[in-house]
Amino acid sequence: MGEMRLVIIESPYAGDIEANVGYARRCVRDSLDRGEAPLASHLLYTQPGILRDEVGSERDLGISAGLAWRRVADCTVVYTDLGITDGMRRGVAAAGCGRVEYRSIGVERPAAQPEQESADG
């Protein structure tokens with residue numbers, strides 16, 4: 001295997017956290033299967049004992065820490081199956097022009113769940 005491309009994963013977190021974490025894990029696996037070295041900071045920093053997403057200052061710290069990795073990342077990959085949240089838009093804006101790819105892994109949004117356009121995550 002050649003050198004792995006470093007990618008930042010953007011996928012929803014807030015809202016239906018359990019479903020969104022499951023989706024994010026599938027996104028990480030998809031990225032690994034493509035020969036990439038993904039970072040999904042929202043999976044890392046929200047683990048028990050690290051940061052609490054429901055505490056504004058801790059959420060901001062986690063977002064800042066995730067965005068700091070963009071200095072070394074080759075690309076930001078946005079997984080769009082569940083919609084694009086405000087938090088994901090922040091990640092895209094931080095990535096800059098030409099360093100963003102959009103992907104789908106064929107997961108359908110649950111019928112009872114409205115599109116997460118306005119939710120943070």
# chains A, B, ... in the order shown; residues from 1 in each chain; ligands from 1

call {"tool": "select_by_dssp", "arguments": {"residues": "chain A", "states": "strand (DSSP E or B)", "output": "count of residues only"}}
result
19

call {"tool": "residues_around", "arguments": {"residues": "Tyr13 (chain A)", "least_positions_apart": "4", "cutoff": "12 Å", "atoms": "only C-alpha atoms", "output": "VMD selection string"}}
result
chain A and resid 9 17 to 25 40 to 46 53 to 54 59 63 79 82 to 88 116 119 to 121

call {"tool": "write_last_selection", "arguments": {"atoms": "C-alpha atoms", "output": "compact mmCIF listing (two decimals), in the first residue's frame"}}
result
# COMPACT_ATOMS: atom_id res chain seq x y z
CA ILE A 9 -14.19 13.27 8.11
CA ILE A 17 -26.27 10.85 18.48
CA GLU A 18 -26.49 7.05 18.53
CA ALA A 19 -27.47 6.84 14.86
CA ASN A 20 -24.97 9.55 13.87
CA VAL A 21 -22.09 7.82 15.67
CA GLY A 22 -22.95 4.58 13.88
CA TYR A 23 -23.02 6.44 10.57
CA ALA A 24 -19.70 8.18 11.33
CA ARG A 25 -18.09 4.81 12.04
CA ALA A 40 -13.27 11.90 12.74
CA SER A 41 -12.62 14.22 15.66
CA HIS A 42 -16.28 14.19 16.67
CA LEU A 43 -15.92 10.47 17.41
CA LEU A 44 -12.66 10.93 19.28
CA TYR A 45 -13.31 13.97 21.45
CA THR A 46 -16.87 13.05 22.49
CA ASP A 53 -20.69 18.05 23.45
CA GLU A 54 -23.63 19.49 25.42
CA ARG A 59 -17.88 21.61 22.26
CA ILE A 63 -14.24 21.78 17.24
CA TYR A 79 -20.39 12.42 3.98
CA LEU A 82 -27.79 12.30 6.52
CA GLY A 83 -27.58 15.93 5.42
CA ILE A 84 -25.07 18.68 6.10
CA THR A 85 -25.22 20.29 9.52
CA ASP A 86 -24.02 23.70 10.68
CA GLY A 87 -21.04 22.03 12.37
CA MET A 88 -20.13 20.29 9.11
CA GLN A 116 -30.36 17.87 9.76
CA ALA A 119 -28.76 21.00 13.60
CA ASP A 120 -25.23 21.42 14.88
CA GLY A 121 -22.86 18.53 14.52

call {"tool": "select_by_dssp", "arguments": {"residues": "chain A", "states": "helix (DSSP H, G or I)", "output": "VMD selection string"}}
result
chain A and resid 17 to 33 41 to 44 56 to 71 86 to 95

call {"tool": "write_last_selection", "arguments": {"atoms": "N, CA and C atoms", "output": "CSV table (one decimal), in the first residue's frame"}}
result
chain,number,residue,atom,x,y,z
A,17,ILE,N,-27.7,11.1,18.3
A,17,ILE,CA,-26.3,10.8,18.5
A,17,ILE,C,-26.0,9.4,18.2
A,18,GLU,N,-26.8,8.5,18.7
A,18,GLU,CA,-26.5,7.0,18.5
A,18,GLU,C,-26.4,6.7,17.0
A,19,ALA,N,-27.4,7.1,16.3
A,19,ALA,CA,-27.5,6.8,14.9
A,19,ALA,C,-26.3,7.5,14.1
A,20,ASN,N,-26.0,8.8,14.5
A,20,ASN,CA,-25.0,9.6,13.9
A,20,ASN,C,-23.6,9.0,14.2
A,21,VAL,N,-23.4,8.5,15.4
A,21,VAL,CA,-22.1,7.8,15.7
A,21,VAL,C,-21.9,6.6,14.8
A,22,GLY,N,-23.0,5.8,14.7
A,22,GLY,CA,-23.0,4.6,13.9
A,22,GLY,C,-22.6,4.9,12.4
A,23,TYR,N,-23.3,6.0,11.9
A,23,TYR,CA,-23.0,6.4,10.6
A,23,TYR,C,-21.6,6.9,10.4
A,24,ALA,N,-21.1,7.7,11.4
A,24,ALA,CA,-19.7,8.2,11.3
A,24,ALA,C,-18.7,7.0,11.3
A,25,ARG,N,-19.0,6.0,12.1
A,25,ARG,CA,-18.1,4.8,12.0
A,25,ARG,C,-18.1,4.2,10.7
A,26,ARG,N,-19.2,4.1,10.0
A,26,ARG,CA,-19.3,3.6,8.6
A,26,ARG,C,-18.5,4.5,7.7
A,27,CYS,N,-18.5,5.8,7.9
A,27,CYS,CA,-17.8,6.7,7.1
A,27,CYS,C,-16.3,6.5,7.2
A,28,VAL,N,-15.9,6.3,8.5
A,28,VAL,CA,-14.4,6.1,8.8
A,28,VAL,C,-14.0,4.8,8.0
A,29,ARG,N,-14.8,3.8,8.1
A,29,ARG,CA,-14.5,2.5,7.5
A,29,ARG,C,-14.4,2.7,6.0
A,30,ASP,N,-15.4,3.4,5.4
A,30,ASP,CA,-15.3,3.7,4.0
A,30,ASP,C,-14.0,4.4,3.6
A,31,SER,N,-13.6,5.3,4.4
A,31,SER,CA,-12.4,6.1,4.1
A,31,SER,C,-11.1,5.1,4.2
A,32,LEU,N,-11.1,4.3,5.2
A,32,LEU,CA,-10.0,3.3,5.4
A,32,LEU,C,-10.0,2.4,4.2
A,33,ASP,N,-11.2,1.9,3.7
A,33,ASP,CA,-11.3,1.0,2.6
A,33,ASP,C,-10.7,1.7,1.3
A,41,SER,N,-12.8,13.7,14.3
A,41,SER,CA,-12.6,14.2,15.7
A,41,SER,C,-13.9,14.2,16.5
A,42,HIS,N,-15.0,14.2,15.9
A,42,HIS,CA,-16.3,14.2,16.7
A,42,HIS,C,-16.5,12.8,17.3
A,43,LEU,N,-15.9,11.8,16.8
A,43,LEU,CA,-15.9,10.5,17.4
A,43,LEU,C,-14.9,10.4,18.5
A,44,LEU,N,-13.8,11.0,18.3
A,44,LEU,CA,-12.7,10.9,19.3
A,44,LEU,C,-12.9,11.8,20.5
A,56,GLY,N,-21.2,24.0,26.0
A,56,GLY,CA,-20.7,24.9,24.9
A,56,GLY,C,-19.2,25.1,24.8
A,57,SER,N,-18.6,25.4,25.9
A,57,SER,CA,-17.1,25.6,25.9
A,57,SER,C,-16.4,24.4,25.5
A,58,GLU,N,-16.8,23.2,26.0
A,58,GLU,CA,-16.2,22.0,25.6
A,58,GLU,C,-16.4,21.6,24.2
A,59,ARG,N,-17.6,21.9,23.7
A,59,ARG,CA,-17.9,21.6,22.3
A,59,ARG,C,-17.0,22.5,21.4
A,60,ASP,N,-16.9,23.8,21.8
A,60,ASP,CA,-16.0,24.7,21.0
A,60,ASP,C,-14.5,24.2,21.0
A,61,LEU,N,-14.1,23.7,22.2
A,61,LEU,CA,-12.7,23.2,22.3
A,61,LEU,C,-12.5,22.0,21.4
A,62,GLY,N,-13.5,21.1,21.3
A,62,GLY,CA,-13.4,20.0,20.5
A,62,GLY,C,-13.4,20.4,19.0
A,63,ILE,N,-14.2,21.3,18.6
A,63,ILE,CA,-14.2,21.8,17.2
A,63,ILE,C,-12.9,22.4,16.9
A,64,SER,N,-12.4,23.3,17.8
A,64,SER,CA,-11.1,23.9,17.5
A,64,SER,C,-10.0,22.9,17.3
A,65,ALA,N,-10.0,21.9,18.2
A,65,ALA,CA,-8.9,20.8,18.1
A,65,ALA,C,-9.1,20.1,16.8
A,66,GLY,N,-10.3,19.8,16.4
A,66,GLY,CA,-10.5,19.1,15.1
A,66,GLY,C,-10.0,19.9,13.9
A,67,LEU,N,-10.4,21.2,14.0
A,67,LEU,CA,-10.0,22.1,12.9
A,67,LEU,C,-8.5,22.3,12.8
A,68,ALA,N,-7.8,22.2,13.9
A,68,ALA,CA,-6.3,22.4,13.9
A,68,ALA,C,-5.7,21.3,13.0
A,69,TRP,N,-6.3,20.1,12.9
A,69,TRP,CA,-5.7,19.1,12.1
A,69,TRP,C,-5.7,19.4,10.6
A,70,ARG,N,-6.5,20.4,10.2
A,70,ARG,CA,-6.6,20.8,8.8
A,70,ARG,C,-5.2,21.3,8.2
A,71,ARG,N,-4.4,21.7,9.1
A,71,ARG,CA,-3.1,22.2,8.7
A,71,ARG,C,-2.2,21.1,8.0
A,86,ASP,N,-24.8,22.5,10.5
A,86,ASP,CA,-24.0,23.7,10.7
A,86,ASP,C,-22.6,23.4,11.1
A,87,GLY,N,-22.4,22.4,12.0
A,87,GLY,CA,-21.0,22.0,12.4
A,87,GLY,C,-20.2,21.5,11.2
A,88,MET,N,-20.8,20.8,10.3
A,88,MET,CA,-20.1,20.3,9.1
A,88,MET,C,-19.8,21.5,8.2
A,89,ARG,N,-20.7,22.4,8.1
A,89,ARG,CA,-20.4,23.6,7.2
A,89,ARG,C,-19.2,24.4,7.8
A,90,ARG,N,-19.1,24.4,9.1
A,90,ARG,CA,-17.9,25.1,9.7
A,90,ARG,C,-16.6,24.4,9.3
A,91,GLY,N,-16.6,23.0,9.2
A,91,GLY,CA,-15.5,22.3,8.8
A,91,GLY,C,-15.1,22.5,7.4
A,92,VAL,N,-16.2,22.6,6.5
A,92,VAL,CA,-16.0,22.8,5.1
A,92,VAL,C,-15.3,24.2,4.9
A,93,ALA,N,-15.9,25.2,5.6
A,93,ALA,CA,-15.3,26.6,5.5
A,93,ALA,C,-13.9,26.6,5.9
A,94,ALA,N,-13.5,25.9,7.0
A,94,ALA,CA,-12.2,25.9,7.5
A,94,ALA,C,-11.2,25.2,6.5
A,95,ALA,N,-11.7,24.3,5.7
A,95,ALA,CA,-10.9,23.5,4.8
A,95,ALA,C,-10.4,24.3,3.7

call {"tool": "residues_around", "arguments": {"residues": "Cys75 (chain A)", "least_positions_apart": "6", "cutoff": "9 Å", "atoms": "only C-alpha atoms", "output": "PyMOL selection string"}}
result
chain A and resi 5-9+95+98-101

call {"tool": "write_last_selection", "arguments": {"atoms": "N, CA and C atoms", "output": "PDB file, in the first residue's frame"}}
result
ATOM      1  N   ARG A   5      -3.448   8.964   2.189  1.00  0.00           N
ATOM      2  CA  ARG A   5      -3.878  10.362   2.181  1.00  0.00           C
ATOM      3  C   ARG A   5      -4.552  10.659   3.521  1.00  0.00           C
ATOM      4  N   LEU A   6      -4.177  11.771   4.151  1.00  0.00           N
ATOM      5  CA  LEU A   6      -4.742  12.190   5.436  1.00  0.00           C
ATOM      6  C   LEU A   6      -6.032  12.956   5.195  1.00  0.00           C
ATOM      7  N   VAL A   7      -7.147  12.460   5.729  1.00  0.00           N
ATOM      8  CA  VAL A   7      -8.429  13.121   5.499  1.00  0.00           C
ATOM      9  C   VAL A   7      -9.156  13.391   6.809  1.00  0.00           C
ATOM     10  N   ILE A   8      -9.868  14.492   6.837  1.00  0.00           N
ATOM     11  CA  ILE A   8     -10.748  14.864   7.934  1.00  0.00           C
ATOM     12  C   ILE A   8     -12.155  14.449   7.526  1.00  0.00           C
ATOM     13  N   ILE A   9     -12.835  13.725   8.383  1.00  0.00           N
ATOM     14  CA  ILE A   9     -14.194  13.270   8.108  1.00  0.00           C
ATOM     15  C   ILE A   9     -15.191  14.255   8.705  1.00  0.00           C
ATOM     16  N   ALA A  95     -11.739  24.273   5.719  1.00  0.00           N
ATOM     17  CA  ALA A  95     -10.886  23.492   4.813  1.00  0.00           C
ATOM     18  C   ALA A  95     -10.351  24.328   3.672  1.00  0.00           C
ATOM     19  N   GLY A  98     -10.986  23.856  -2.806  1.00  0.00           N
ATOM     20  CA  GLY A  98     -10.264  22.786  -3.477  1.00  0.00           C
ATOM     21  C   GLY A  98      -9.820  21.642  -2.606  1.00  0.00           C
ATOM     22  N   ARG A  99     -10.124  21.676  -1.316  1.00  0.00           N
ATOM     23  CA  ARG A  99      -9.685  20.607  -0.415  1.00  0.00           C
ATOM     24  C   ARG A  99     -10.868  19.869   0.186  1.00  0.00           C
ATOM     25  N   VAL A 100     -12.008  19.879  -0.517  1.00  0.00           N
ATOM     26  CA  VAL A 100     -13.211  19.255   0.011  1.00  0.00           C
ATOM     27  C   VAL A 100     -13.773  18.286  -1.022  1.00  0.00           C
ATOM     28  N   GLU A 101     -14.121  17.087  -0.554  1.00  0.00           N
ATOM     29  CA  GLU A 101     -14.810  16.105  -1.394  1.00  0.00           C
ATOM     30  C   GLU A 101     -16.109  15.737  -0.709  1.00  0.00           C
TER      31      GLU A 101
END

call {"tool": "atom_distance", "arguments": {"atom1": "CA of Pro48 (chain A)", "atom2": "CA of Val78 (chain A)"}}
result
24.8 Å

call {"tool": "atom_distance", "arguments": {"atom1": "CA of Val55 (chain A)", "atom2": "CA of Thr80 (chain A)"}}
result
25.8 Å

call {"tool": "residues_around", "arguments": {"residues": "Gly2 (chain A)", "least_positions_apart": "3", "cutoff": "12 Å", "atoms": "only C-alpha atoms", "output": "list of chain:residue names"}}
result
A:Arg5, A:Arg34, A:Gly35, A:Glu36, A:Ala37

call {"tool": "write_last_selection", "arguments": {"atoms": "N, CA and C atoms", "output": "mmCIF file, in the first residue's frame"}}
result
data_model
loop_
_atom_site.group_PDB
_atom_site.id
_atom_site.type_symbol
_atom_site.label_atom_id
_atom_site.label_comp_id
_atom_site.auth_asym_id
_atom_site.auth_seq_id
_atom_site.Cartn_x
_atom_site.Cartn_y
_atom_site.Cartn_z
ATOM 1 N N ARG A 5 -3.448 8.964 2.189
ATOM 2 C CA ARG A 5 -3.878 10.362 2.181
ATOM 3 C C ARG A 5 -4.552 10.659 3.521
ATOM 4 N N ARG A 34 -10.740 2.983 1.256
ATOM 5 C CA ARG A 34 -10.217 3.715 0.099
ATOM 6 C C ARG A 34 -8.717 3.975 0.209
ATOM 7 N N GLY A 35 -8.105 3.453 1.269
ATOM 8 C CA GLY A 35 -6.666 3.636 1.448
ATOM 9 C C GLY A 35 -6.298 4.952 2.087
ATOM 10 N N GLU A 36 -7.243 5.576 2.774
ATOM 11 C CA GLU A 36 -7.004 6.859 3.422
ATOM 12 C C GLU A 36 -6.770 6.655 4.913
ATOM 13 N N ALA A 37 -6.201 7.672 5.555
ATOM 14 C CA ALA A 37 -6.022 7.699 7.009
ATOM 15 C C ALA A 37 -6.962 8.779 7.549
#

call {"tool": "closest_residue", "arguments": {"among": "A:Pro12, A:Glu3, A:Ala73, A:Gln47", "to": "Arg109 (chain A)", "atoms": "only C-alpha atoms"}}
result
A:Pro12
